[in-house]
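Beneath this line is the structure, given in structure tokens, with notes to follow.
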There are 2 protein chains.
Amino acid sequence: MSVSDRLFKLRSALATLAVDAYIITGADPHLSEYLAEHWKFREYMSNFTGSAGTVVITSEDAGLWTDSRYFLQAETELQDTGVDLYRMGEPDTPDYKDWLISKLTPGSVIGVNGKTMSLDEYRNLSEKLKKADIRLDTKLFIEDDVWEGRIPVPEDEIFELATDYTGLSRVEKIEIVRQEMKKNNATHYVVGALDEIAWFLNLRGQDIDFNPVFHAYLVISQNNVNLFVDPHKLTSTIGKQLSKEDIKVFLYDDFYDFLKDIPALSTVYIDPQRTNSSIYNFLPSQTTKVEKTGIITHLKGQKNTTEIQNIKKAMVKDGIAMVKFLHWLTNEVGQNALTELSVANKLREFRAEQDHYKGDSFNTISGYGPNGAIVHYAVSEESALPLESKGLFLIDSGGQYYEGTTDITRTVALGPLTEEEKRDFTLVLKGHIGLALAKFPQGTRGVHLDILARQALWNEGLNYGHGTGHGIGHFLNVHEGPQSIRPQDNGVVLEEGMVSSNEPGLYRSGKHGIRIENLILTIKDQETEFGEFLKFETLTLCPIDLNAIDATLLSPKEKEWLNNYHQEVYKALEDDLSTAETDWLKEHTKQI
Amino acid sequence: MSVSDRLFKLRSALATLAVDAYIITGADPHLSEYLAEHWKFREYMSNFTGSAGTVVITSEDAGLWTDSRYFLQAETELQDTGVDLYRMGEPDTPDYKDWLISKLTPGSVIGVNGKTMSLDEYRNLSEKLKKADIRLDTKLFIEDDVWEGRIPVPEDEIFELATDYTGLSRVEKIEIVRQEMKKNNATHYVVGALDEIAWFLNLRGQDIDFNPVFHAYLVISQNNVNLFVDPHKLTSTIGKQLSKEDIKVFLYDDFYDFLKDIPALSTVYIDPQRTNSSIYNFLPSQTTKVEKTGIITHLKGQKNTTEIQNIKKAMVKDGIAMVKFLHWLTNEVGQNALTELSVANKLREFRAEQDHYKGDSFNTISGYGPNGAIVHYAVSEESALPLESKGLFLIDSGGQYYEGTTDITRTVALGPLTEEEKRDFTLVLKGHIGLALAKFPQGTRGVHLDILARQALWNEGLNYGHGTGHGIGHFLNVHEGPQSIRPQDNGVVLEEGMVSSNEPGLYRSGKHGIRIENLILTIKDQETEFGEFLKFETLTLCPIDLNAIDATLLSPKEKEWLNNYHQEVYKALEDDLSTAETDWLKEHTKQI
């Protein structure tokens, strides 16, 4: 069945229900970044496979709203579907809400599956529609009526992550969360975000590619911990252990009914950005709400010492895989046929050789020359360019290990570079070092530090269009909050124990793309009469390509950072490599 | 009559009215930073003279809420008044709203003069009180009942600022504002901020110390401009000219009645931060409101080329006065008796020698040694320290000229300095240069650049507790919006033509204070495939004390900036100085 047939079927269903338009958010009920197949309704209805985008369908029109990362991809994928592309961020593009209002008349009804929309977005939307006298029906779960051959929710087995890795037992985590709930006078805390549930319970799953999570909901009260999960996924060992710890297991599908029965005098803690609107709407309206960033979001964001020790072990493993790969790549290129795709697969093989490797943490971005300039380039058999022994090759990848999650980008010279390529690379490196060397008082937010990674570029009229740093989980999602280092301010303070990426870049369309990404840990610097100061410790262990650097552009302080970094990389990795690899590493970490 | 007698009288008045508490915001109906005597009711009721603070009075208690800048001053001024000090920002200090709720019972009534509270603050307050079932009466103008010998609203003459200074005529400004109103579908635009009215009408007044403004309100519609001002203040020439330009003059006191008569189908543009709550509440409730930062705020913030040319002339004048002063000071210190107060007066004399000088732009901060560490130090006969020929002296001052408003801080070595003093001075200078050299893409906000002025200090565990930069008017208020360079994000983008201060500092309690402040103009840098880039041009012309610098701490780029700056200062000022002063300037702008 083609997309236009599916649109026809959906429109018929809407007509029967007397609904004038339908919104498909592209999210699952847990507002996950990566989705199980079961939840890819937006893709089913539009062919669009990007990670962000909203489809809106009226009786006459259908549109996809997505951002500049996906303009090219969406153009291709939407061809002949009957779905128009609306380029977000361009001056003439209306907001999808305003577009809907312009298409509909007062008294109209719009449907959406409220479980796939955050409470914040729902409020924003419903307020706008109310002013236009349009009603929003959030209980229209139309997917099952329209979607033929929908894949069921996955049922993969859940496994336990030992306290050797997590540092805190479930019992300890429950106690800490309850303390935080008390500080907020909360009797209940409802959690829908899958990585938060996995972290809290020291459990991991396999329901979603790249993210070791499982589909579940959680309601924590001062007396109970209630877990809503398909019981088939729990081994009997885990099931018994949970029951021993007074964690009650309910069916996944019973969650919303459970919410209805929360006593009216309760105070319920929810995160309006990570809680879907149906959760809010199913809670008895008389309950008091505490709406804040999740308690677990903060706890999970500030890694404990056991987690940090393990993350450092994961960094050694990942560094070894990367060095083996780069050694292999620089020897093979120009000798044997390589493509963007074949080398990405080779890198996965090197990672898979490491103990406790549990897959990649996201789909590797492998871009040679002009393809490096496509920020979210997804290589395929058709698109994969052959690698030649010249120019820049960008590879952004990461692994999942029991010890931790990694995320690293290296841009390497496959042979001779132009002056511009070297200068661009060095300016990006200056930004990377600028952020790595930052020292800052307690209370500083990512928005304050972002410029350190951009200043060298801005001085030359250059810039990059993505954020500089995101949080990263401990054997969990490669993107997590609450912190963020970018020009947009999300109000979150950088705290000790947070692990973030440091990934400035530069993309010249049609020419080359450069990104240098390490993970950085926030640690104490010093305490003075002016307060407590923090700094970063770089965690990622892999050489930065000296062949791509114009050393005349580096200050003495920047050279010192690079030399120290390369010395640490060499020391950490030399023991686990072959002689040839060690020689390669020595050469590629030499002092400049 | 003592403050406690006044409190007794106010409490009696409240009892008669059956009102349980009263809030005195310390603002005038125009929400001005500096007040005419007529509006200093908070000072009358508490003795507190600081620029920010709220007094709250119940039948039993009275409190002043103010911030850390004023803790010491408030402690002294509140002595024996019966008003308690509540230190804002300290962990145990309740918000005054929560404090009020804790003191009162449901059903209580709180009075406030709604004209002295911004719409934003009023909404915040009334929402909180509503939840506690407490009523807020904003029409209780109790001042006149309680305040004996209240000084009337000033009636000083208004004068015209020619288009040679303003660049745009009133007729042109009216046209521009109406275009902006149309873009926002606004039929009316209500303005209460005095500097905005003065800028829009090319008029200046003398009602308030330091600020060349006059008390007025303005209602602009697509057909009319309605000015509410005491007509005695207008000369007949100005009166006739306004009438010729179809600007209707009404009595100041008729403003609120006029609002009531705005047609119900109108759309009224107001700025909720700079409009008092009574304006909102007097507007017919059926009118549509557009609530945004003022149209005039933006227009006034981005100086036009004529204003910029004039501001540069004002900088030369102010530079000459400063150089004459610094030459005099460095010769006199150690020779004749000088105090913080006497030298501040001397500086005013030098400024007064300049053509078109119209007074100072704020009360000079003149702090020697440890007094320099008191950020908002107000020198008095009693506090004034004698200056000796050693250590650091900080002087922060500014002048009003027809051509523009100035604001400059210099910290100078009066003789030998300690290692720490020199190092501290140089670190502050590094920050000052860091911001002065910034280049950044269109869309950058002050919050992004603030770190450039702090990084050198943060690296050493040092910091300062105030913002780095504020906007400044063109022959208007020394503090103006909309932009701001500080860790708090107000969402305003830095635009071409904005004039801001660049004033990092460092304050060691009991030792010394350092601040280096120049004004900087946002100008174009370059346009590339990555967009439009901006940078700063430093406007202030006055040497930075080379005797206070440890040149070994400066990078080559920083030295280059300082040398270029000093060369420009010398060139701009040498013609208007005596031989001795020129020699002094040459020595103090020598290349390092």
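How things are named: the first chain in the structure tokens is A, the next is B, and so on; residues count from 1 in each chain; ligands count from 1 in the order shown.
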
Quiz prompt | Check: which chain B residues lie within 10 Å of chain A using only C-alpha atoms, as a ChimeraX atom specification | solution = /B:437-441,443-452,454-465,486-489,491,507-509,525-535,555

Quiz prompt | Neighbour list for Lys317 of chain B as a PyMOL selection string, cut-off 12 Å, only C-alpha atoms, skip fewer than 2 positions in-chain | solution = chain B and resi 310-315+319-324+350-357+398-406+539-542+569+572-577

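Coordinates place atom CA of Gly53 of chain A at a distance of 18.3 Å from atom CA of Asp80 of chain A.
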
Practice problem: If you run DSSP over the backbone, which residues in segment 296-544 of chain A end up strand (DSSP E)? Put them as a PyMOL selection string. | Solution: chain A and resi 357-360+365-368+392-397+399-401+404-405+408-413+439-441+469-471+480-485+499-502+505-508+512-515+518-528+531-538
